$ cat entry-v8.txt   # compact mmCIF, C-alpha atoms
# COMPACT_ATOMS: atom_id res chain seq x y z
CA MET Q 1 12.41 134.92 -131.91
CA GLU Q 2 12.96 138.60 -130.98
CA THR Q 3 12.67 138.81 -127.23
CA SER Q 4 14.37 140.65 -124.40
CA ILE Q 5 13.27 138.28 -121.67
CA ASP Q 6 15.16 135.29 -120.30
CA LEU Q 7 13.48 132.67 -122.43
CA SER Q 8 14.41 129.73 -120.20
CA SER Q 9 12.98 131.28 -117.07
CA ALA Q 10 9.93 132.55 -118.92
CA ILE Q 11 9.14 129.07 -120.24
CA ALA Q 12 9.70 127.58 -116.80
CA LEU Q 13 7.39 130.19 -115.32
CA SER Q 14 4.75 129.29 -117.88
CA LEU Q 15 5.06 125.58 -117.04
CA ALA Q 16 4.98 126.44 -113.34
CA ASP Q 17 1.29 127.19 -113.76
CA ILE Q 18 0.81 123.48 -113.09
CA TRP Q 19 1.21 124.26 -109.39
CA SER Q 20 -2.10 126.14 -109.13
CA PHE Q 21 -3.63 124.07 -111.95
CA HIS Q 22 -3.14 120.76 -110.13
CA LYS Q 23 -5.35 121.96 -107.30
CA SER Q 24 -8.27 122.70 -109.62
CA GLU Q 25 -11.03 120.53 -111.04
CA ALA Q 26 -9.75 121.40 -114.49
CA PHE Q 27 -6.67 119.32 -113.67
CA ALA Q 28 -8.85 116.21 -113.34
CA ALA Q 29 -10.28 116.89 -116.79
CA TYR Q 30 -6.76 117.34 -118.17
CA VAL Q 31 -5.59 114.01 -116.71
CA THR Q 32 -8.66 112.26 -118.10
CA ARG Q 33 -8.15 113.78 -121.53
CA THR Q 34 -4.41 113.09 -121.65
CA TYR Q 35 -4.09 109.78 -119.82
CA HIS Q 36 -7.58 108.27 -120.22
CA LYS Q 37 -8.11 108.06 -116.48
CA PHE Q 38 -10.99 109.30 -114.36
CA MET Q 39 -9.68 110.66 -111.08
CA THR Q 40 -11.58 110.39 -107.83
CA GLN Q 41 -9.23 112.68 -105.93
CA LEU Q 42 -6.96 115.55 -106.87
CA PRO Q 43 -3.27 114.99 -106.16
CA SER Q 44 -1.34 116.70 -103.41
CA PHE Q 45 2.13 117.36 -104.76
CA GLU Q 46 4.96 118.29 -102.39
CA CYS Q 47 6.49 120.32 -105.19
CA VAL Q 48 7.00 120.17 -108.95
CA TYR Q 49 10.42 120.14 -110.54
CA ILE Q 50 11.07 121.78 -113.90
CA ALA Q 51 14.17 121.04 -115.97
CA GLU Q 52 15.46 122.75 -119.07
CA ILE Q 53 17.22 120.18 -121.20
CA GLU Q 54 20.22 121.00 -123.36
CA ASN Q 55 19.79 118.32 -126.03
CA GLY Q 56 16.69 117.22 -127.90
CA ASP Q 57 14.79 117.39 -131.17
CA VAL Q 58 11.64 119.44 -131.53
CA ASP Q 59 10.78 117.87 -134.87
CA LYS Q 60 10.79 114.38 -133.39
CA GLY Q 61 9.49 115.42 -129.98
CA GLU Q 62 12.52 114.06 -128.17
CA ILE Q 63 14.19 115.27 -125.01
CA GLY Q 64 17.71 114.29 -123.98
CA GLY Q 65 19.24 113.86 -120.55
CA ILE Q 66 21.64 116.80 -120.13
CA VAL Q 67 20.14 119.50 -117.94
CA LYS Q 68 20.79 123.22 -118.27
CA LYS Q 69 18.75 124.36 -115.27
CA TRP Q 70 16.49 123.04 -112.56
CA TRP Q 71 13.66 124.89 -110.84
CA VAL Q 72 11.32 123.90 -108.04
CA VAL Q 73 7.74 125.12 -107.80
CA ASP Q 74 5.64 125.06 -104.65
CA ASP Q 75 3.44 127.38 -102.59
CA ARG Q 76 6.38 129.77 -102.23
CA GLY Q 77 6.69 130.22 -105.98
CA MET Q 78 9.36 129.15 -108.46
CA THR Q 79 13.03 128.99 -107.47
CA GLU Q 80 16.09 127.94 -109.43
CA ILE Q 81 17.84 125.05 -107.68
CA ARG Q 82 21.02 123.09 -108.12
CA ARG Q 83 19.44 119.64 -108.29
CA PRO Q 84 16.16 117.88 -107.46
CA GLU Q 85 15.52 115.27 -104.80
CA LEU Q 86 13.86 112.37 -106.57
CA PRO Q 87 13.51 108.67 -105.78
CA PRO Q 88 15.78 106.53 -108.00
CA THR Q 89 12.99 104.08 -108.85
CA ASP Q 90 9.25 104.26 -109.34
CA GLU Q 91 7.19 104.38 -106.16
CA PRO Q 92 3.93 102.36 -106.10
CA VAL Q 93 1.75 105.43 -106.48
CA PHE Q 94 -0.61 106.90 -109.04
CA PHE Q 95 0.74 110.45 -108.72
CA ASP Q 96 4.37 111.12 -107.87
CA ARG Q 97 4.91 113.24 -104.78
CA ARG Q 98 7.34 115.33 -106.80
CA PRO Q 99 6.42 115.33 -110.49
CA VAL Q 100 8.84 116.53 -113.13
CA LEU Q 101 8.23 118.70 -116.17
CA LYS Q 102 11.12 119.01 -118.59
CA PHE Q 103 11.48 120.97 -121.78
CA TYR Q 104 13.75 121.46 -124.73
CA THR Q 105 13.45 124.49 -126.99
CA ASP Q 106 15.10 125.68 -130.18
CA GLY Q 107 13.94 129.20 -129.41
CA GLU Q 108 10.88 129.01 -131.66
CA ARG Q 109 9.29 125.71 -130.71
CA ILE Q 110 9.25 123.58 -127.63
CA VAL Q 111 8.93 119.93 -126.67
CA THR Q 112 7.78 119.25 -123.15
CA GLY Q 113 8.03 116.06 -121.16
CA GLU Q 114 5.62 115.55 -118.32
CA ARG Q 115 5.77 112.91 -115.64
CA LEU Q 116 3.02 113.14 -113.06
CA GLY Q 117 3.38 109.51 -111.99
CA PRO Q 118 4.75 106.13 -113.09
CA THR Q 119 1.93 105.70 -115.63
CA LEU Q 120 1.33 109.38 -116.27
CA ILE Q 121 4.02 110.34 -118.74
CA CYS Q 122 3.63 112.28 -121.98
CA ARG Q 123 5.37 114.38 -124.59
CA GLN Q 124 3.88 117.46 -126.16
CA THR Q 125 5.12 119.98 -128.68
CA GLY Q 126 4.15 123.60 -129.15
CA LYS Q 127 5.14 126.97 -130.49
CA LEU Q 128 6.49 129.77 -128.34
CA VAL Q 129 4.85 133.18 -128.42
CA ALA Q 130 6.84 135.77 -126.49
CA THR Q 131 5.87 139.21 -125.30
CA LYS Q 132 8.22 141.65 -123.56
CA THR Q 133 7.48 140.07 -120.20
CA SER Q 134 6.32 136.50 -120.72
CA VAL Q 135 6.09 133.49 -122.97
CA SER Q 136 3.07 131.43 -123.84
CA ILE Q 137 2.96 128.05 -125.52
CA THR Q 138 0.50 127.69 -128.39
CA ASP Q 139 -0.46 125.02 -130.93
CA VAL Q 140 0.11 122.36 -128.30
CA ARG Q 141 0.07 118.85 -129.69
CA LEU Q 142 0.18 115.64 -127.69
CA LEU Q 143 2.67 113.22 -129.25
CA TRP Q 144 2.28 110.29 -126.91
CA ALA Q 145 1.09 109.49 -123.42
CA THR Q 146 1.02 106.47 -121.21
CA ASN Q 147 -2.45 105.12 -120.55
CA ALA Q 148 -3.05 105.45 -116.82
CA ASN Q 149 -5.25 102.34 -116.82
CA ASN Q 150 -2.76 99.88 -118.24
CA GLY Q 151 0.49 101.79 -118.69
CA HIS Q 152 0.58 101.28 -122.45
CA ILE Q 153 1.85 104.14 -124.57
CA ILE Q 154 -0.81 105.80 -126.67
CA TYR Q 155 0.69 107.31 -129.80
CA GLN Q 156 -1.00 110.04 -131.72
CA THR Q 157 0.50 108.61 -134.89
CA PRO Q 158 -0.71 105.00 -135.00
CA ASN Q 159 2.11 103.91 -137.33
CA THR Q 160 4.69 104.30 -134.59
CA ARG Q 161 2.97 102.11 -132.01
CA PRO Q 162 5.31 99.29 -130.88
CA MET Y 1 36.74 126.48 -134.45
CA ALA Y 2 34.56 125.01 -137.18
CA ASN Y 3 37.34 122.65 -138.16
CA SER Y 4 37.77 121.37 -134.63
CA VAL Y 5 34.02 120.70 -134.41
CA GLU Y 6 34.13 118.87 -137.72
CA ARG Y 7 37.07 116.80 -136.51
CA TRP Y 8 35.13 115.97 -133.36
CA PHE Y 9 32.12 114.74 -135.33
CA ALA Y 10 34.41 112.78 -137.59
CA TRP Y 11 35.68 111.02 -134.48
CA LEU Y 12 32.14 110.20 -133.39
CA LYS Y 13 31.26 108.94 -136.84
CA GLN Y 14 34.22 106.64 -136.83
CA TRP Y 15 33.33 105.14 -133.49
CA PHE Y 16 29.61 104.85 -133.93
CA GLY Y 17 29.25 103.83 -137.51
CA LEU Y 18 27.57 106.97 -138.81
CA GLY Y 19 30.14 106.95 -141.55
CA ARG Y 20 33.22 104.78 -141.86
CA HIS Y 21 33.36 102.32 -139.00
CA THR Y 22 36.57 101.40 -137.22
CA GLU Y 23 37.44 97.76 -137.34
CA PRO Y 24 36.60 96.11 -134.03
CA GLU Y 25 39.96 94.60 -133.07
CA ASN Y 26 41.14 97.70 -131.20
CA GLU Y 27 37.83 98.74 -129.72
CA GLU Y 28 37.87 96.92 -126.40
CA PRO Y 29 41.47 96.79 -125.23
CA SER Y 30 40.70 96.57 -121.54
CA GLY Y 31 38.23 97.65 -118.91
CA VAL Y 32 34.95 96.12 -117.89
CA GLY Y 33 33.45 95.49 -121.31
CA SER Y 34 35.31 92.49 -122.60
CA THR Y 35 32.23 90.32 -122.20
CA SER Y 36 29.37 92.36 -123.55
CA PRO Y 37 25.88 91.12 -122.66
CA SER Y 38 24.81 91.78 -126.23
CA GLU Y 39 26.28 88.48 -127.37
CA GLY Y 40 23.87 86.62 -125.12
CA LEU Y 41 20.67 88.48 -125.99
CA THR Y 42 17.61 86.44 -126.84
CA PRO Y 43 15.60 87.33 -129.96
CA GLU Y 44 12.99 88.86 -127.66
CA GLN Y 45 15.59 91.08 -125.99
CA THR Y 46 17.12 92.05 -129.31
CA ARG Y 47 13.69 93.01 -130.64
CA ALA Y 48 12.98 95.05 -127.51
CA VAL Y 49 16.24 96.98 -127.93
CA GLU Y 50 15.54 97.60 -131.60
CA LEU Y 51 12.04 98.85 -130.81
CA ALA Y 52 13.29 101.10 -128.05
CA ARG Y 53 15.90 102.55 -130.39
CA GLN Y 54 13.48 102.94 -133.27
CA ILE Y 55 10.63 104.47 -131.30
CA GLY Y 56 12.32 106.09 -128.32
CA LYS Y 57 15.29 107.39 -130.31
CA GLY Y 58 17.16 109.93 -128.20
CA ASP Y 59 14.60 110.11 -125.41
CA CYS Y 60 15.62 107.99 -122.42
CA GLU Y 61 12.23 108.11 -120.70
CA HIS Y 62 10.41 107.15 -123.90
CA SER Y 63 12.88 104.33 -124.55
CA ALA Y 64 12.55 103.03 -121.00
CA GLU Y 65 8.76 102.98 -121.40
CA VAL Y 66 9.00 101.01 -124.63
CA LEU Y 67 11.35 98.53 -122.94
CA ARG Y 68 9.05 98.21 -119.93
CA GLN Y 69 6.23 97.21 -122.24
CA THR Y 70 8.20 94.82 -124.40
CA LEU Y 71 10.21 93.23 -121.56
CA PRO Y 72 7.84 93.34 -118.58
CA GLY Y 73 8.99 92.65 -115.06
CA GLY Y 74 11.99 94.97 -114.82
CA ILE Y 75 12.40 98.31 -113.12
CA LYS Y 76 13.13 101.77 -114.41
CA ARG Y 77 16.00 103.56 -112.71
CA ARG Y 78 16.39 107.31 -112.67
CA PHE Y 79 19.55 109.39 -112.31
CA ALA Y 80 19.09 113.04 -111.41
CA GLY Y 81 21.86 115.52 -110.74
CA ASP Y 82 22.97 119.07 -111.35
CA ARG Y 83 23.09 118.62 -115.11
CA LEU Y 84 21.74 115.12 -115.50
CA PHE Y 85 18.28 113.62 -115.77
CA HIS Y 86 18.53 110.14 -117.18
CA GLU Y 87 16.51 106.95 -117.08
CA VAL Y 88 17.35 103.33 -117.88
CA TYR Y 89 15.55 100.01 -117.69
CA GLU Y 90 16.88 97.07 -115.69
CA HIS Y 91 15.68 93.62 -116.57
CA GLN Y 92 17.00 90.19 -115.64
CA GLY Y 93 20.48 91.33 -114.67
CA MET Y 94 21.04 93.65 -117.63
CA VAL Y 95 20.85 97.39 -117.91
CA TYR Y 96 19.18 98.73 -121.03
CA ASP Y 97 20.41 102.22 -121.78
CA VAL Y 98 19.71 102.72 -125.46
CA THR Y 99 20.25 106.49 -125.32
CA ALA Y 100 23.72 106.22 -123.75
CA LYS Y 101 25.27 107.57 -126.95
CA GLN Y 102 23.95 111.05 -126.21
CA TYR Y 103 26.64 111.37 -123.54
CA VAL Y 104 29.47 110.72 -125.95
CA ARG Y 105 30.38 114.35 -126.32
CA HIS Y 106 33.08 116.77 -125.34
CA GLY Y 107 33.35 117.10 -121.58
CA VAL Y 108 31.48 113.90 -120.78
CA TRP Y 109 32.59 110.62 -122.36
CA VAL Y 110 35.00 110.77 -125.28
CA PRO Y 111 35.51 107.78 -127.58
CA GLU Y 112 39.07 107.15 -126.42
CA GLU Y 113 37.94 106.89 -122.80
CA LEU Y 114 35.05 104.61 -123.74
CA ALA Y 115 37.48 102.33 -125.53
CA GLU Y 116 39.84 102.31 -122.54
CA ALA Y 117 36.96 101.40 -120.25
CA GLY Y 118 35.83 98.68 -122.63
CA LEU Y 119 32.44 100.29 -123.08
CA ILE Y 120 32.30 100.94 -126.82
CA LYS Y 121 30.20 97.90 -127.61
CA ALA Y 122 27.82 98.36 -124.69
CA VAL Y 123 27.21 102.03 -125.53
CA GLU Y 124 26.72 101.27 -129.18
CA LEU Y 125 24.22 98.51 -128.45
CA GLY Y 126 22.60 100.15 -125.44
CA VAL Y 127 22.93 97.03 -123.30
CA PHE Y 128 25.23 96.92 -120.29
CA THR Y 129 26.13 94.58 -117.49
CA PRO Y 130 25.46 96.22 -114.11
CA GLU Y 131 29.21 96.73 -113.62
CA GLN Y 132 29.64 98.30 -117.06
CA HIS Y 133 26.76 100.65 -116.37
CA ARG Y 134 28.11 101.54 -112.95
CA VAL Y 135 31.37 102.61 -114.61
CA PHE Y 136 29.49 104.48 -117.34
CA MET Y 137 27.33 106.37 -114.84
CA ALA Y 138 30.25 107.12 -112.51
CA LYS Y 139 31.81 109.23 -115.26
CA LEU Y 140 28.47 110.90 -116.01
CA ASN Y 141 28.00 111.67 -112.34
CA GLN Y 142 31.48 113.14 -112.23
CA SER Y 143 31.02 115.19 -115.41
CA LEU Y 144 27.42 116.29 -114.99
CA GLY Y 145 27.13 116.50 -111.23
CA GLY Y 146 24.99 113.45 -110.85
CA VAL Y 147 24.21 111.77 -107.58
CA GLU Y 148 26.09 108.60 -106.81
CA GLU Y 149 23.88 105.82 -105.51

$ encode --input "entry-v8.txt" --output "structure tokens"
Amino acid sequence: METSIDLSSAIALSLADIWSFHKSEAFAAYVTRTYHKFMTQLPSFECVYIAEIENGDVDKGEIGGIVKKWWVVDDRGMTEIRRPELPPTDEPVFFDRRPVLKFYTDGERIVTGERLGPTLICRQTGKLVATKTSVSITDVRLLWATNANNGHIIYQTPNTRP
Amino acid sequence: MANSVERWFAWLKQWFGLGRHTEPENEEPSGVGSTSPSEGLTPEQTRAVELARQIGKGDCEHSAEVLRQTLPGGIKRRFAGDRLFHEVYEHQGMVYDVTAKQYVRHGVWVPEELAEAGLIKAVELGVFTPEQHRVFMAKLNQSLGGVEE
């Protein structure tokens, strides 16, 4: 992809849109569509963490565990940070106080991992379209998501259901 | 440079059975892994590990979710640090970390160190005792700036 922008930061900035998005009614529709859950109340996140992951596979929609960069997003904007502050185990909540979005890119395509809560986890893939100043993610496809009602994983390819 | 990378992958292949596999007698000379939990796995646990490997592949969060569904009643544990964001599943005194192999790479865990620590079998199978996993994560925390619990 021919681009003069910092791709990592541009992708993170694109994903950071979740901060304003999560305060809108459209977010409730997104959660219902993705996780099959009707929300009665919008979440109130303390912040959202974004991680760029060094290892993964865009073809398989997999994301590894080695981080290149962390950012935090809140009312003050997006800032690169050294490390997040996350609880080591799941809290008994529907929405995490500090959700995490992670991504792996090969420069052309992207796989994103979203965790909004213990039963709100999904993987999506997409294509990157870059301009001189920004990046957008197109052709977004949901690979799998946990069902917010019972926690089961919903696969978009039925053959891979456990 | 290319040759050194090839040699490195040849090492990994030897240790993890992607090609010729090293005979097991020298794999666990010492360390904490002499009694691997894998030998005591029930068919249900073995199936859960196979499913997590097959479906979750290299994705720790996906694998942990598959394990949570197939072996209910455990807890997922997260490790977040400067360059680390990892998740495992703990169930009935065992730690399931089926994506542990991803950390066998230059600058993190190398096969010789795994063998010295007696962790080859646990990493290969993705099932650790708590003590084995503590040792495994201690090195990750050191290498990738993780947060010690």

$ interface_residues --input "entry-v8.txt" --of "chain Y" --to "chain Q" --cutoff "6 Å" --atoms "all atoms listed in the file" --output "list in words"
Asp59, Arg77, Arg78, Gly81, Asp82, Arg83, Leu84, Phe85 and His86 of chain Y

$ residues_around --input "entry-v8.txt" --residues "Cys47 of chain Q" --least-positions-apart "4" --cutoff "7 Å" --atoms "all atoms listed in the file" --output "short mmCIF file (atom, residue, chain, number, x, y, z; two decimals) with C-alpha atoms, in the frame of the given file"
data_model
loop_
_atom_site.label_atom_id
_atom_site.label_comp_id
_atom_site.auth_asym_id
_atom_site.auth_seq_id
_atom_site.Cartn_x
_atom_site.Cartn_y
_atom_site.Cartn_z
CA VAL Q 72 11.32 123.90 -108.04
CA VAL Q 73 7.74 125.12 -107.80
CA ASP Q 74 5.64 125.06 -104.65
CA ARG Q 98 7.34 115.33 -106.80
#

$ closest_residue --input "entry-v8.txt" --among "Q:Ile11, Q:Leu142, Q:Leu128, Q:Leu42" --to "Glu25 of chain Q" --atoms "all atoms listed in the file"
Q:Leu42

$ residues_around --input "entry-v8.txt" --residues "Thr32 of chain Q" --least-positions-apart "4" --cutoff "12 Å" --atoms "all atoms listed in the file" --output "VMD selection string"
chain Q and resid 25 to 28 36 to 40 42 120 145 to 149

$ atom_distance --input "entry-v8.txt" --atom1 "atom CA of Gln54 of chain Y" --atom2 "atom CA of Lys76 of chain Y"
18.9 Å

$ atom_distance --input "entry-v8.txt" --atom1 "atom CA of Leu114 of chain Y" --atom2 "atom CA of Glu87 of chain Y"
19.8 Å

$ atom_distance --input "entry-v8.txt" --atom1 "atom CA of Lys121 of chain Y" --atom2 "atom CA of Pro43 of chain Y"
18.2 Å

$ decode --input "entry-v8.txt" --residues "segment 72-132 of chain Q" --atoms "C-alpha atoms" --output "compact mmCIF listing (two decimals), in the first residue's frame"
# COMPACT_ATOMS: atom_id res chain seq x y z
CA VAL Q 72 -5.46 4.74 25.30
CA VAL Q 73 -8.57 6.58 24.14
CA ASP Q 74 -10.77 8.73 26.35
CA ASP Q 75 -12.35 12.18 26.38
CA ARG Q 76 -8.88 13.72 26.02
CA GLY Q 77 -8.25 11.91 22.74
CA MET Q 78 -5.85 9.12 21.80
CA THR Q 79 -2.44 8.81 23.43
CA GLU Q 80 0.31 6.24 22.99
CA ILE Q 81 1.08 4.55 26.31
CA ARG Q 82 3.61 2.09 27.62
CA ARG Q 83 1.13 -0.46 28.97
CA PRO Q 84 -2.55 -0.74 29.92
CA GLU Q 85 -4.04 -1.21 33.36
CA LEU Q 86 -6.34 -4.20 33.09
CA PRO Q 87 -7.76 -6.66 35.62
CA PRO Q 88 -6.06 -10.08 35.37
CA THR Q 89 -9.37 -11.97 35.39
CA ASP Q 90 -12.88 -11.33 34.13
CA GLU Q 91 -15.00 -9.04 36.28
CA PRO Q 92 -18.69 -9.97 36.73
CA VAL Q 93 -19.90 -7.28 34.37
CA PHE Q 94 -21.61 -7.05 31.00
CA PHE Q 95 -19.33 -4.30 29.68
CA ASP Q 96 -15.71 -4.02 30.76
CA ARG Q 97 -14.78 -0.70 32.30
CA ARG Q 98 -11.75 -0.63 30.03
CA PRO Q 99 -12.42 -2.52 26.80
CA VAL Q 100 -9.62 -3.53 24.46
CA LEU Q 101 -9.43 -3.36 20.69
CA LYS Q 102 -6.44 -5.05 19.11
CA PHE Q 103 -5.37 -5.35 15.52
CA TYR Q 104 -2.88 -7.06 13.29
CA THR Q 105 -2.19 -5.83 9.76
CA ASP Q 106 -0.11 -7.00 6.84
CA GLY Q 107 -0.28 -3.51 5.39
CA GLU Q 108 -3.14 -4.30 3.01
CA ARG Q 109 -5.64 -6.09 5.21
CA ILE Q 110 -6.44 -6.08 8.86
CA VAL Q 111 -7.83 -8.40 11.51
CA THR Q 112 -9.32 -6.74 14.55
CA GLY Q 113 -10.09 -8.24 17.92
CA GLU Q 114 -12.69 -6.57 20.05
CA ARG Q 115 -13.44 -7.22 23.68
CA LEU Q 116 -16.15 -5.04 25.13
CA GLY Q 117 -16.89 -7.42 28.00
CA PRO Q 118 -16.45 -11.03 29.14
CA THR Q 119 -19.14 -12.23 26.70
CA LEU Q 120 -18.65 -9.51 24.12
CA ILE Q 121 -15.66 -10.67 22.11
CA CYS Q 122 -15.31 -10.85 18.34
CA ARG Q 123 -12.91 -10.98 15.43
CA GLN Q 124 -13.39 -9.08 12.21
CA THR Q 125 -11.35 -8.72 9.06
CA GLY Q 126 -11.24 -5.89 6.56
CA LYS Q 127 -9.27 -4.12 3.89
CA LEU Q 128 -7.32 -0.94 4.46
CA VAL Q 129 -7.92 2.08 2.27
CA ALA Q 130 -5.40 4.84 2.91
CA THR Q 131 -5.43 8.47 1.89
CA LYS Q 132 -2.59 10.92 2.51
